[in-house]
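Everything below belongs to query-v9.cif, which stores mmCIF, C-alpha atoms.
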```
data_protein
#
loop_
_atom_site.label_atom_id
_atom_site.label_comp_id
_atom_site.auth_asym_id
_atom_site.auth_seq_id
_atom_site.Cartn_x
_atom_site.Cartn_y
_atom_site.Cartn_z
CA MET P 16 0.00 0.00 0.00
CA LYS P 17 1.41 3.38 -1.03
CA SER P 18 1.98 5.90 1.74
CA LYS P 19 -0.07 9.08 1.40
CA TYR P 20 2.85 11.02 2.87
CA VAL P 21 5.25 9.76 0.21
CA SER P 22 2.59 10.49 -2.39
CA TRP P 23 2.27 14.11 -1.26
CA LEU P 24 6.04 14.55 -1.38
CA ALA P 25 6.37 12.84 -4.77
CA ASN P 26 3.56 14.80 -6.38
CA GLY P 27 4.97 17.97 -4.85
CA ALA P 28 8.41 17.26 -6.31
CA LEU P 29 6.92 16.71 -9.77
CA ALA P 30 5.09 20.03 -9.50
CA GLY P 31 8.33 21.76 -8.52
CA ILE P 32 10.11 20.35 -11.57
CA MET P 33 7.23 21.37 -13.81
CA LEU P 34 7.34 24.93 -12.50
CA CYS P 35 11.09 25.01 -13.19
CA ILE P 36 10.21 24.31 -16.82
CA GLY P 37 7.69 27.16 -16.69
CA CYS P 38 10.36 29.47 -15.27
CA ALA P 39 12.80 28.37 -17.96
CA VAL P 40 10.43 29.23 -20.81
CA ASN P 41 9.61 32.56 -19.18
CA LEU P 42 13.33 33.36 -18.94
CA SER P 43 13.80 32.30 -22.57
CA SER P 44 11.07 34.51 -24.01
CA GLU P 45 11.86 38.02 -25.18
CA ASN P 46 8.14 38.79 -25.26
CA PRO P 47 6.86 39.13 -21.66
CA ILE P 48 3.27 38.36 -22.61
CA LEU P 49 4.24 35.22 -24.49
CA GLY P 50 6.54 34.19 -21.64
CA ALA P 51 3.75 34.65 -19.10
CA PHE P 52 1.34 32.62 -21.24
CA LEU P 53 3.76 29.75 -21.73
CA PHE P 54 4.60 29.77 -18.01
CA SER P 55 0.96 28.85 -17.38
CA LEU P 56 1.71 25.45 -18.96
CA GLY P 57 3.31 24.57 -15.64
CA LEU P 58 0.13 25.03 -13.59
CA PHE P 59 -2.05 23.53 -16.32
CA ALA P 60 0.07 20.35 -16.36
CA ILE P 61 0.10 20.21 -12.55
CA ILE P 62 -3.70 20.30 -12.45
CA LYS P 63 -4.26 17.85 -15.29
CA LEU P 64 -1.65 15.33 -14.12
CA ASN P 65 -2.72 15.54 -10.45
CA PHE P 66 0.61 16.81 -9.17
CA GLY P 67 0.63 18.73 -5.90
CA LEU P 68 1.30 22.47 -5.66
CA TYR P 69 1.41 24.42 -2.41
CA THR P 70 -0.61 27.33 -3.80
CA GLY P 71 -3.05 24.90 -5.35
CA LYS P 72 -3.84 23.37 -1.95
CA ALA P 73 -3.26 26.16 0.57
CA GLY P 74 -6.61 27.86 -0.07
CA TYR P 75 -8.54 24.79 1.04
CA MET P 76 -7.03 25.03 4.52
CA ALA P 77 -9.85 27.52 5.15
CA VAL P 78 -12.51 24.85 4.65
CA ASN P 79 -10.78 21.63 5.74
CA PRO P 80 -10.01 20.22 9.20
CA PRO P 81 -6.62 21.08 10.79
CA ALA P 82 -5.18 17.69 9.75
CA TYR P 83 -5.21 18.95 6.16
CA ILE P 84 -2.39 21.35 7.04
CA GLY P 85 -0.01 18.37 7.13
CA GLU P 86 -0.77 17.59 3.49
CA VAL P 87 -0.11 21.20 2.53
CA VAL P 88 3.21 21.29 4.43
CA LEU P 89 4.45 18.05 2.86
CA THR P 90 3.38 19.31 -0.56
CA LEU P 91 5.43 22.45 0.04
CA ALA P 92 8.43 20.34 1.04
CA GLY P 93 8.03 18.31 -2.15
CA ASN P 94 7.76 21.48 -4.22
CA ILE P 95 11.04 22.76 -2.77
CA CYS P 96 12.78 19.45 -3.51
CA GLY P 97 11.45 19.47 -7.07
CA ALA P 98 12.55 23.08 -7.57
CA ALA P 99 16.03 22.18 -6.31
CA ILE P 100 16.23 19.18 -8.65
CA GLY P 101 14.92 21.15 -11.64
CA GLY P 102 17.25 24.05 -10.97
CA ALA P 103 20.24 21.74 -10.57
CA LEU P 104 19.48 19.90 -13.82
CA LEU P 105 19.07 23.17 -15.74
CA GLY P 106 22.43 24.21 -14.30
CA LEU P 107 24.05 21.30 -16.14
CA THR P 108 22.82 22.47 -19.54
CA ARG P 109 24.25 24.89 -22.11
CA LEU P 110 21.47 27.33 -21.15
CA SER P 111 22.63 27.62 -17.56
CA ASP P 112 24.63 30.87 -17.74
CA GLY P 113 21.88 32.89 -19.37
CA PHE P 114 19.20 31.42 -17.11
CA ALA P 115 21.26 31.98 -13.97
CA ASP P 116 21.95 35.63 -14.75
CA SER P 117 18.33 36.40 -15.67
CA ALA P 118 16.96 34.60 -12.60
CA ALA P 119 19.42 36.46 -10.35
CA VAL P 120 18.22 39.81 -11.76
CA ILE P 121 14.59 38.91 -11.05
CA LEU P 122 15.42 37.87 -7.49
CA SER P 123 17.56 40.94 -6.78
CA VAL P 124 14.49 43.14 -7.26
CA LYS P 125 12.31 40.90 -5.11
CA PHE P 126 14.88 40.52 -2.31
CA ALA P 127 15.35 44.31 -2.13
CA ASP P 128 11.62 44.88 -1.53
CA SER P 129 10.18 45.65 1.91
CA TYR P 130 8.61 42.82 3.89
CA LEU P 131 5.21 44.53 3.84
CA SER P 132 5.29 44.91 0.06
CA THR P 133 6.53 41.34 -0.30
CA PHE P 134 3.66 40.01 1.80
CA PHE P 135 0.91 41.89 -0.06
CA LEU P 136 2.32 41.08 -3.50
CA SER P 137 2.30 37.46 -2.38
CA LEU P 138 -1.26 37.77 -1.10
CA PHE P 139 -2.49 39.01 -4.48
CA CYS P 140 -0.72 36.10 -6.15
CA GLY P 141 -2.45 33.71 -3.75
CA VAL P 142 -5.85 35.14 -4.67
CA LEU P 143 -5.08 34.55 -8.34
CA MET P 144 -3.81 31.02 -7.76
CA PHE P 145 -6.95 30.01 -5.87
CA THR P 146 -9.01 31.57 -8.66
CA ALA P 147 -7.09 29.51 -11.23
CA VAL P 148 -7.45 26.18 -9.42
CA GLU P 149 -11.08 26.61 -8.35
CA GLY P 150 -12.05 28.16 -11.68
CA ASN P 151 -10.54 25.24 -13.58
CA LYS P 152 -12.30 22.76 -11.32
CA ARG P 153 -15.70 24.38 -11.85
CA ALA P 154 -15.23 24.75 -15.60
CA MET P 155 -14.30 21.08 -15.94
CA ALA P 156 -17.31 20.06 -13.86
CA ALA P 157 -19.48 22.02 -16.28
CA GLY P 158 -17.81 20.39 -19.29
CA ASP P 159 -16.29 23.69 -20.41
CA GLY P 160 -12.79 22.80 -21.64
CA THR P 161 -12.09 26.24 -23.09
CA GLY P 162 -13.12 27.92 -19.87
CA ALA P 163 -10.93 25.52 -17.90
CA LEU P 164 -7.90 26.50 -19.97
CA PHE P 165 -8.64 30.20 -19.66
CA ALA P 166 -9.24 29.87 -15.91
CA VAL P 167 -5.66 28.65 -15.51
CA SER P 168 -3.79 30.74 -18.07
CA ALA P 169 -5.31 34.16 -17.33
CA PRO P 170 -4.55 34.33 -13.56
CA VAL P 171 -1.01 33.01 -14.11
CA MET P 172 -0.36 35.57 -16.84
CA VAL P 173 -1.64 38.35 -14.57
CA PHE P 174 0.62 37.44 -11.65
CA ILE P 175 3.67 37.10 -13.91
CA ILE P 176 3.09 40.38 -15.76
CA CYS P 177 2.26 42.27 -12.54
CA GLY P 178 5.33 40.88 -10.77
CA PHE P 179 3.40 39.31 -7.90
CA ASN P 180 5.33 36.84 -5.74
CA HIS P 181 4.74 33.10 -6.08
CA CYS P 182 6.77 31.16 -3.53
CA ILE P 183 7.42 28.04 -5.61
CA ALA P 184 8.17 29.94 -8.83
CA ASP P 185 10.58 32.16 -6.90
CA ILE P 186 12.19 29.13 -5.27
CA CYS P 187 12.67 27.74 -8.79
CA TYR P 188 14.31 31.00 -9.84
CA PHE P 189 16.47 30.81 -6.70
CA PHE P 190 17.87 27.39 -7.57
CA ILE P 191 18.16 28.28 -11.28
CA SER P 192 20.22 31.32 -10.28
CA GLY P 193 22.65 29.09 -8.39
CA CYS P 194 21.22 30.09 -5.00
CA ALA P 195 22.03 33.78 -5.32
CA ASP P 196 22.03 35.78 -2.05
CA ILE P 197 21.17 33.06 0.47
CA VAL P 198 21.09 35.58 3.34
CA ALA P 199 18.28 37.61 1.76
CA ALA P 200 16.42 34.51 0.59
CA ALA P 201 15.34 33.11 3.97
CA PRO P 202 13.24 36.04 5.28
CA TYR P 203 11.91 36.75 1.79
CA PHE P 204 10.56 33.24 1.29
CA ILE P 205 9.00 33.17 4.76
CA PHE P 206 6.91 36.25 3.91
CA VAL P 207 6.04 34.93 0.45
CA ILE P 208 4.91 31.53 1.75
CA LEU P 209 2.74 33.20 4.39
CA GLY P 210 1.41 35.79 1.95
CA ASN P 211 0.54 33.17 -0.66
CA ALA P 212 -1.32 31.13 1.96
CA ALA P 213 -3.26 34.18 3.16
CA GLY P 214 -4.22 35.07 -0.40
CA CYS P 215 -5.22 31.52 -1.29
CA MET P 216 -7.47 31.31 1.77
CA LEU P 217 -9.01 34.77 1.40
CA ILE P 218 -11.80 33.86 -1.03
CA PRO P 219 -12.97 30.60 0.61
CA PHE P 220 -12.77 32.18 4.08
CA VAL P 221 -14.77 35.30 3.20
CA LYS P 222 -17.30 33.29 1.16
CA ARG P 223 -18.23 31.44 4.34
CA PHE P 224 -20.02 34.65 5.42
CA ALA P 225 -21.68 35.31 2.07
CA ALA P 226 -25.29 34.50 1.23
CA ARG P 227 -24.09 32.10 -1.46
CA GLU P 228 -21.19 29.99 -0.24
CA MET P 229 -18.72 28.32 -2.54
#
```

What does this structure look like when you write it as C-alpha cells?
Amino acid sequence: MKSKYVSWLANGALAGIMLCIGCAVNLSSENPILGAFLFSLGLFAIIKLNFGLYTGKAGYMAVNPPAYIGEVVLTLAGNICGAAIGGALLGLTRLSDGFADSAAVILSVKFADSYLSTFFLSLFCGVLMFTAVEGNKRAMAAGDGTGALFAVSAPVMVFIICGFNHCIADICYFFISGCADIVAAAPYFIFVILGNAAGCMLIPFVKRFAAREM
C-alpha cells in the first residue's frame, strides 16, 4: 500500500520540476506576454496530471479540518525538492549561464523589496492562484474545456506580468540562479509563503459569510 505522505512529497516534487520548466520558458522569451502565457503550462500540467502544488492546496485550509495542514506542508516540502532538482538539472545544460543571470536579476528586485510589500504582492498572487485552481475545477465540472484552460492561463499571466510573488516559482528562480544571495532569501521566502497562503485562503474564508457559499 502506497503511503499518502510519500505520495504528497512525490507529487509535490513533480510540481516543482514542472514549475522550473515554466520558469525556464519565461526566462527564454523576449516577449513578456508570451513568456507569461507559456509559463501557465506549468500550472495547467500540474492540475491535469494531479501533481501537488502548495498554492493549489493552501486555499482549502480555510474549509478543511486542521489535519489537512499536514498535506499542505508536505506538498510544500516536495515542491522545494522538485525546484532544487529542476534548478540543478538546468544548471548542467548549455542554457545555464543565461538562465542563472536572468533569474538572479529577477530575485535581486524581489529581495530588495520591503517585507510589507513582499507580503501583499504574495497575497495578491495567492488570490489569483486560488481563482485559477477553483475556476478550472468548476469549468471542468461544467464540461467547459475552453473555460478551464482560460481559468488557468489568465490568472497566471496576470501574476507574472504584474510581478506578484509566487513562492514556488521564486524558489525555482532561486535554484536556477545558483542560489544567489542566500542571506536575503530566507526572510523573503517566509513572507512569500505566508502571503501566498493568506491570499489563497481569502476567497474561501470570506465566502463562508456570504449568502451564497462556494

| message | Taking the file as I've supplied it (selection: the PyMOL selection byres ((chain P and resi 22-34) around 8)), which residues are included? Please answer as a PyMOL selection string. | response | chain P and resi 17-21+35-38+54+57-58+60-61+65-69+86+89-98+100-101+183-184+187

| request: Choose the residue, out of P:Ala201, P:Ile186, P:Leu136, P:Phe224, that has the smallest atom-to-atom separation from Gly102 in chain P; count all atoms listed in the file. | output: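 Distance minimum relative to Gly102 in chain P lands on P:Ile186.
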
| said: Report as a list in words all protein, DNA and RNA residues lying within 8 Å of range 42-45 of chain P, evaluated on all atoms listed in the file, omitting residues in the same chain fewer than 4 positions from it. | reply: Cys38, Leu49, Gly50, Phe114, Ser117 and Ala118 of chain P

| Interatomic distance between CA of Ile208 in chain P and CA of Cys182 in chain P? | 5.6 Å

| Picked residues, the PyMOL selection byres ((chain P and resi 137-150) around 6), as a PyMOL selection string | chain P and resi 134-136+151-153+166-167+170+174+179-180+207+210-211+213-215

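CA of Asn41 in chain P to CA of Thr108 in chain P spans 16.6 Å [interatomic distance, one decimal].
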
| In Å, how far is it from CA of Ser132 in chain P to CA of Met172 in chain P? | 20.1 Å

So for range 158-177 of chain P, what box centre and size do we get, axis-aligned, 6 Å extra on each of the six sides, every listed atom, Å to one decimal, as lines of an AutoDock Vina configuration file?
```
center_x = -7.1
center_y = 31.3
center_z = -17.4
size_x = 33.5
size_y = 33.9
size_z = 23.4
```

| query | Which one is closest to Ser55 in chain P: P:Ala169, P:Ala200, P:Ala226, P:Thr133? Count all atoms listed in the file. | reply | P:Ala169

| query | Hey, which of P:Ala154, P:Val173, P:Leu164, P:Ala212 ends up closest to Ala73 in chain P? Count only C-alpha atoms. | reply | P:Ala212

| field | Proximity to Lys125 in chain P - best of P:Tyr188, P:Phe59, P:Tyr75, P:Phe165, all atoms listed in the file | value |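 Among P:Tyr188, P:Phe59, P:Tyr75, P:Phe165, it is P:Tyr188 that comes nearest to Lys125 in chain P.
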
| query | Taking into account only C-alpha atoms, which residue in the set P:Val78, P:Ile176, P:Ile191, P:Ala127 is nearest to Ala103 in chain P? | reply |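 Result for the nearest residue to Ala103 in chain P: P:Ile191.
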
| Pick from P:Pro202, P:Gly162, P:Gly193, P:Pro219 nearest to Ala99 in chain P, counting all atoms listed in the file |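 Residue with the minimum atom-to-atom distance to Ala99 in chain P: P:Gly193.
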